[in-house]
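Data block below; observations after.
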Amino acid sequence: MILYFLALVLFVMGLYCLVAKKNIIKKIIGIVITEYSINLFLVLVGWRKGGIAPILLKGMQKSEIVEKGVDPLPQALVLTSIVIGLGVLALMVSICLRLYEKYKTFDMSEINRLRG
Amino acid sequence: MEIFLLVLTIFMIVGSIVAIEAKNLLSSVISVGIVGFSLGIVFLMLGAPDIAITQVVVEILILVILIRATITTDNTAIEKHKDTFPVVVSLIFFGLFLIFAYFAVQELPQFGDPLPREAAAHYLDNGPEETGAMNIVTAVLLDYRAYDTMGEATVLFASIVGAFVILRRRGRKHRKDEDTEKVGILEDEDIKKNFEGF
């Protein structure tokens, strides 16, 4: 119960970093922390007490994994989400580097001037 | 077990506080590394070795990318004109969010005792026979929900192509001098030269 709440605290902190900070790299860090907290929350929901990884090892009965295995579905979807997060981060950082080349700063409030 | 998870989660929260409030961008990036690697350990303890491996690899890549972004640039995050208004408003709203989250979390099923899950039961029961994969996560990823993985690969491809296009030095191919000479209204000689064959 408290673990769910702590994951949500992490979510709120990432969101705060995304909204209130002016530096673009800080904003990216906020997005990354938010992503981590959501992944953590989904995996926490799938866990069960005394759970084992849903892998059928040598000499293991199938009933054992059916009884004690944790939920494989959130794990598979979180796996997808982690990799997509990496791609999105690469795109964001490349846009930031371009902005830095043009404006020589990462500060949001100085980037708002337009140039032809 | 739960105590250990609790300690690691609090460690992650402390790391993210440092990452958010540090004045130097490089130290804030390193603190993101703290959060990510502890998250890897938490995944390992929650019975998800596949995600733990992926998390560690992706975390290393994220650190490399972010350090590349900060190390050659001006890496101080001192804000010149401080606005207190967005900070105060976001703190109020996120405090409200946390209060509601606290009551919403009470309604969730107890930690470690989830509701009966039809899909997961089917995957765990019939996964090895239906797909031939001993790892059920792999069975879900590459057989039951293979279209999802294909979409993931597509998104990854699109984002990497986008990053490549954005970071490319030159927008279009360098034109040779011969190409640019003949642009515009043609002279009589050029017309003759061009239409000699006819």
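Chain labels follow the order of the structure tokens: the first chain is A, the next B, and so on; residue numbering restarts at 1 in every chain, and ligands are counted from 1 in their shown order.
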Quick one: which residues from chain A are at most 6 Å off chain B, using only C-alpha atoms, as a PyMOL selection string? chain A and resi 1+20+47-49+52-56+66+71-72+76+79+87+91+94
Please produce a file of those selected residues containing all heavy atoms, as a short mmCIF file (atom, residue, chain, number, x, y, z; two decimals), in the first residue's frame.
```cif
data_model
loop_
_atom_site.label_atom_id
_atom_site.label_comp_id
_atom_site.auth_asym_id
_atom_site.auth_seq_id
_atom_site.Cartn_x
_atom_site.Cartn_y
_atom_site.Cartn_z
N MET A 1 0.83 -1.21 0.00
CA MET A 1 0.00 0.00 0.00
C MET A 1 0.86 1.25 0.00
O MET A 1 0.73 2.13 -0.85
CB MET A 1 -0.89 -0.04 1.24
CG MET A 1 -2.16 0.75 1.12
SD MET A 1 -3.12 0.26 -0.30
CE MET A 1 -3.41 -1.48 0.04
N ALA A 20 7.71 23.07 -13.49
CA ALA A 20 8.20 24.27 -12.83
C ALA A 20 9.62 24.65 -13.23
O ALA A 20 10.00 25.81 -13.07
CB ALA A 20 8.13 24.09 -11.32
N TRP A 47 2.68 -7.82 -8.80
CA TRP A 47 3.41 -8.72 -7.91
C TRP A 47 2.46 -9.44 -6.96
O TRP A 47 1.41 -8.92 -6.59
CB TRP A 47 4.42 -7.91 -7.09
CG TRP A 47 5.42 -8.74 -6.38
CD1 TRP A 47 6.43 -9.44 -6.95
CD2 TRP A 47 5.51 -8.95 -4.99
NE1 TRP A 47 7.15 -10.09 -5.99
CE2 TRP A 47 6.59 -9.81 -4.78
CE3 TRP A 47 4.77 -8.52 -3.90
CZ2 TRP A 47 6.97 -10.24 -3.52
CZ3 TRP A 47 5.14 -8.93 -2.63
CH2 TRP A 47 6.24 -9.79 -2.46
N ARG A 48 2.82 -10.65 -6.57
CA ARG A 48 2.07 -11.34 -5.53
C ARG A 48 3.02 -11.88 -4.48
O ARG A 48 4.20 -12.07 -4.73
CB ARG A 48 1.22 -12.46 -6.12
CG ARG A 48 2.03 -13.58 -6.69
CD ARG A 48 1.16 -14.79 -6.92
NE ARG A 48 0.13 -14.53 -7.92
CZ ARG A 48 -0.72 -15.47 -8.31
NH1 ARG A 48 -0.64 -16.66 -7.80
NH2 ARG A 48 -1.61 -15.22 -9.23
N LYS A 49 2.50 -12.10 -3.29
CA LYS A 49 3.35 -12.49 -2.17
C LYS A 49 4.03 -13.82 -2.44
O LYS A 49 3.39 -14.76 -2.88
CB LYS A 49 2.51 -12.59 -0.89
CG LYS A 49 3.01 -11.64 0.16
CD LYS A 49 2.29 -11.83 1.47
CE LYS A 49 2.56 -10.63 2.35
NZ LYS A 49 1.64 -9.52 2.17
N ILE A 52 7.36 -15.72 -7.85
CA ILE A 52 8.61 -16.03 -8.53
C ILE A 52 8.49 -15.53 -9.96
O ILE A 52 7.39 -15.25 -10.45
CB ILE A 52 8.90 -17.54 -8.53
CG1 ILE A 52 7.71 -18.30 -9.09
CG2 ILE A 52 9.23 -18.02 -7.12
CD1 ILE A 52 7.97 -19.76 -9.31
N ALA A 53 9.64 -15.39 -10.61
CA ALA A 53 9.64 -14.92 -11.99
C ALA A 53 8.91 -15.93 -12.87
O ALA A 53 9.04 -17.14 -12.67
CB ALA A 53 11.07 -14.73 -12.48
N PRO A 54 8.10 -15.48 -13.83
CA PRO A 54 7.34 -16.43 -14.66
C PRO A 54 8.20 -17.12 -15.71
O PRO A 54 7.98 -16.98 -16.91
CB PRO A 54 6.27 -15.54 -15.31
CG PRO A 54 6.88 -14.20 -15.34
CD PRO A 54 7.78 -14.09 -14.17
N ILE A 55 9.20 -17.86 -15.24
CA ILE A 55 10.09 -18.60 -16.14
C ILE A 55 10.07 -20.06 -15.72
O ILE A 55 10.26 -20.38 -14.54
CB ILE A 55 11.53 -18.05 -16.09
CG1 ILE A 55 11.55 -16.58 -16.50
CG2 ILE A 55 12.44 -18.84 -16.98
CD1 ILE A 55 12.87 -15.91 -16.27
N LEU A 56 9.84 -20.94 -16.68
CA LEU A 56 9.78 -22.37 -16.39
C LEU A 56 11.21 -22.92 -16.44
O LEU A 56 11.79 -23.07 -17.52
CB LEU A 56 8.89 -23.04 -17.43
CG LEU A 56 8.23 -24.35 -17.03
CD1 LEU A 56 7.37 -24.15 -15.81
CD2 LEU A 56 7.39 -24.86 -18.19
N VAL A 66 2.13 -21.72 -12.14
CA VAL A 66 0.76 -21.22 -12.19
C VAL A 66 0.34 -20.69 -10.83
O VAL A 66 -0.33 -19.67 -10.71
CB VAL A 66 -0.20 -22.34 -12.65
CG1 VAL A 66 -1.64 -21.88 -12.55
CG2 VAL A 66 0.11 -22.74 -14.07
N ASP A 71 2.44 -11.79 -12.40
CA ASP A 71 1.69 -11.50 -13.61
C ASP A 71 2.64 -11.15 -14.77
O ASP A 71 3.39 -10.18 -14.66
CB ASP A 71 0.76 -10.32 -13.33
CG ASP A 71 -0.34 -10.22 -14.35
OD1 ASP A 71 -0.17 -10.80 -15.42
OD2 ASP A 71 -1.35 -9.57 -14.06
N PRO A 72 2.67 -11.94 -15.86
CA PRO A 72 3.62 -11.63 -16.94
C PRO A 72 3.16 -10.48 -17.84
O PRO A 72 3.95 -9.92 -18.56
CB PRO A 72 3.68 -12.94 -17.73
CG PRO A 72 2.39 -13.58 -17.49
CD PRO A 72 1.95 -13.18 -16.12
N ALA A 76 5.54 -7.57 -19.65
CA ALA A 76 5.78 -7.47 -21.09
C ALA A 76 5.51 -6.06 -21.58
O ALA A 76 6.27 -5.50 -22.38
CB ALA A 76 4.91 -8.48 -21.83
N LEU A 79 8.20 -3.65 -20.46
CA LEU A 79 9.40 -3.85 -21.30
C LEU A 79 9.29 -3.00 -22.56
O LEU A 79 10.23 -2.31 -22.95
CB LEU A 79 9.50 -5.33 -21.64
CG LEU A 79 10.86 -5.89 -21.97
CD1 LEU A 79 11.74 -5.76 -20.78
CD2 LEU A 79 10.73 -7.33 -22.38
N GLY A 87 13.84 5.73 -27.01
CA GLY A 87 13.75 6.37 -28.32
C GLY A 87 13.28 7.81 -28.21
O GLY A 87 13.84 8.72 -28.83
N LEU A 91 15.24 11.45 -29.18
CA LEU A 91 14.65 12.51 -30.02
C LEU A 91 14.66 13.84 -29.28
O LEU A 91 15.04 14.88 -29.84
CB LEU A 91 13.24 12.10 -30.41
CG LEU A 91 12.57 12.93 -31.48
CD1 LEU A 91 13.39 12.91 -32.74
CD2 LEU A 91 11.19 12.42 -31.76
N SER A 94 18.15 15.31 -29.01
CA SER A 94 18.67 15.86 -30.26
C SER A 94 18.03 17.21 -30.55
O SER A 94 18.72 18.14 -31.01
CB SER A 94 18.44 14.87 -31.41
OG SER A 94 17.08 14.64 -31.57
#
```
Selection: 12 Å around Lys104 in chain A, only C-alpha atoms, excl. self and same-chain fewer than 5 positions, as a PDB file with N, CA, C and O atoms, in the first residue's frame:
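So the final result, stored in around32.pdb, reads:
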```pdb
ATOM      1  N   CYS A  96      17.070  19.304 -28.274  1.00  0.00           N
ATOM      2  CA  CYS A  96      17.700  20.240 -27.337  1.00  0.00           C
ATOM      3  C   CYS A  96      19.069  20.674 -27.822  1.00  0.00           C
ATOM      4  O   CYS A  96      19.440  21.837 -27.688  1.00  0.00           O
ATOM      5  N   LEU A  97      19.851  19.723 -28.389  1.00  0.00           N
ATOM      6  CA  LEU A  97      21.185  20.094 -28.868  1.00  0.00           C
ATOM      7  C   LEU A  97      21.077  21.090 -30.016  1.00  0.00           C
ATOM      8  O   LEU A  97      21.859  22.028 -30.116  1.00  0.00           O
ATOM      9  N   ARG A  98      20.081  20.886 -30.897  1.00  0.00           N
ATOM     10  CA  ARG A  98      19.853  21.844 -31.981  1.00  0.00           C
ATOM     11  C   ARG A  98      19.512  23.227 -31.434  1.00  0.00           C
ATOM     12  O   ARG A  98      20.030  24.246 -31.893  1.00  0.00           O
ATOM     13  N   LEU A  99      18.629  23.254 -30.430  1.00  0.00           N
ATOM     14  CA  LEU A  99      18.248  24.536 -29.818  1.00  0.00           C
ATOM     15  C   LEU A  99      19.467  25.209 -29.197  1.00  0.00           C
ATOM     16  O   LEU A  99      19.622  26.424 -29.285  1.00  0.00           O
ATOM     17  N   GLU A 110      14.741  32.191 -22.381  1.00  0.00           N
ATOM     18  CA  GLU A 110      15.532  32.936 -23.365  1.00  0.00           C
ATOM     19  C   GLU A 110      15.365  32.375 -24.757  1.00  0.00           C
ATOM     20  O   GLU A 110      15.802  32.983 -25.735  1.00  0.00           O
ATOM     21  N   ILE A 111      14.734  31.225 -24.879  1.00  0.00           N
ATOM     22  CA  ILE A 111      14.577  30.599 -26.196  1.00  0.00           C
ATOM     23  C   ILE A 111      13.343  31.137 -26.901  1.00  0.00           C
ATOM     24  O   ILE A 111      13.172  30.939 -28.079  1.00  0.00           O
TER      25      ILE A 111
ATOM     26  N   THR B  72      29.391  19.024 -23.166  1.00  0.00           N
ATOM     27  CA  THR B  72      30.047  19.989 -24.051  1.00  0.00           C
ATOM     28  C   THR B  72      29.348  21.338 -24.022  1.00  0.00           C
ATOM     29  O   THR B  72      29.713  22.234 -24.756  1.00  0.00           O
ATOM     30  N   THR B  73      28.318  21.476 -23.177  1.00  0.00           N
ATOM     31  CA  THR B  73      27.557  22.712 -23.200  1.00  0.00           C
ATOM     32  C   THR B  73      27.666  23.405 -21.855  1.00  0.00           C
ATOM     33  O   THR B  73      28.340  22.944 -20.947  1.00  0.00           O
ATOM     34  N   ASP B  74      26.975  24.511 -21.759  1.00  0.00           N
ATOM     35  CA  ASP B  74      26.947  25.264 -20.511  1.00  0.00           C
ATOM     36  C   ASP B  74      26.094  24.510 -19.520  1.00  0.00           C
ATOM     37  O   ASP B  74      24.882  24.447 -19.664  1.00  0.00           O
ATOM     38  N   ASN B  75      26.730  23.887 -18.500  1.00  0.00           N
ATOM     39  CA  ASN B  75      25.971  22.929 -17.698  1.00  0.00           C
ATOM     40  C   ASN B  75      25.554  23.458 -16.336  1.00  0.00           C
ATOM     41  O   ASN B  75      25.395  22.710 -15.394  1.00  0.00           O
TER      42      ASN B  75
END
```
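Going from CA of Ser109 in chain A to CA of Val93 in chain A covers 18.2 Å.
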What is the distance, in Å and to one decimal place, between CA of Ile29 in chain A and CA of Val45 in chain A? 24.7 Å
For range 39-44 of chain A, find every residue with an atom within 6 Å (counting only C-alpha atoms), except residues of its own chain fewer than 2 positions away, and show them as a CSV table (one decimal) with N, CA and C atoms, in the first residue's frame.
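Produced file part_23.csv, reproduced below:
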```
chain,number,residue,atom,x,y,z
A,7,ALA,N,5.4,5.3,-5.2
A,7,ALA,CA,5.5,5.4,-6.6
A,7,ALA,C,4.8,6.6,-7.1
A,36,TYR,N,9.8,6.4,-15.1
A,36,TYR,CA,10.3,5.3,-14.2
A,36,TYR,C,9.2,5.0,-13.2
A,37,SER,N,8.5,6.1,-12.7
A,37,SER,CA,7.5,5.8,-11.6
A,37,SER,C,6.4,5.0,-12.1
A,46,GLY,N,1.5,-6.0,-10.4
A,46,GLY,CA,1.4,-7.3,-10.8
A,46,GLY,C,2.1,-8.3,-9.9
A,47,TRP,N,2.7,-7.8,-8.8
A,47,TRP,CA,3.4,-8.7,-7.9
A,47,TRP,C,2.5,-9.4,-7.0
A,78,VAL,N,5.6,-3.2,-19.8
A,78,VAL,CA,6.6,-2.3,-19.3
A,78,VAL,C,7.9,-2.4,-20.1
```
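Note that DSSP on the backbone gives strand (DSSP E or B) to these residues of range 17-176 of chain B: Asn24, Thr76, Gly112 and Asn135 of chain B.
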Per DSSP on the backbone, filter chain B down to the residues in helix (DSSP H, G or I) and report them as a VMD selection string. chain B and resid 2 to 21 25 to 45 49 to 71 85 to 107 118 to 131 136 to 144 146 to 167 177 to 181 188 to 194
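Counting from CA of Leu96 in chain B, the distance to CA of Ser38 in chain B is 27.7 Å.
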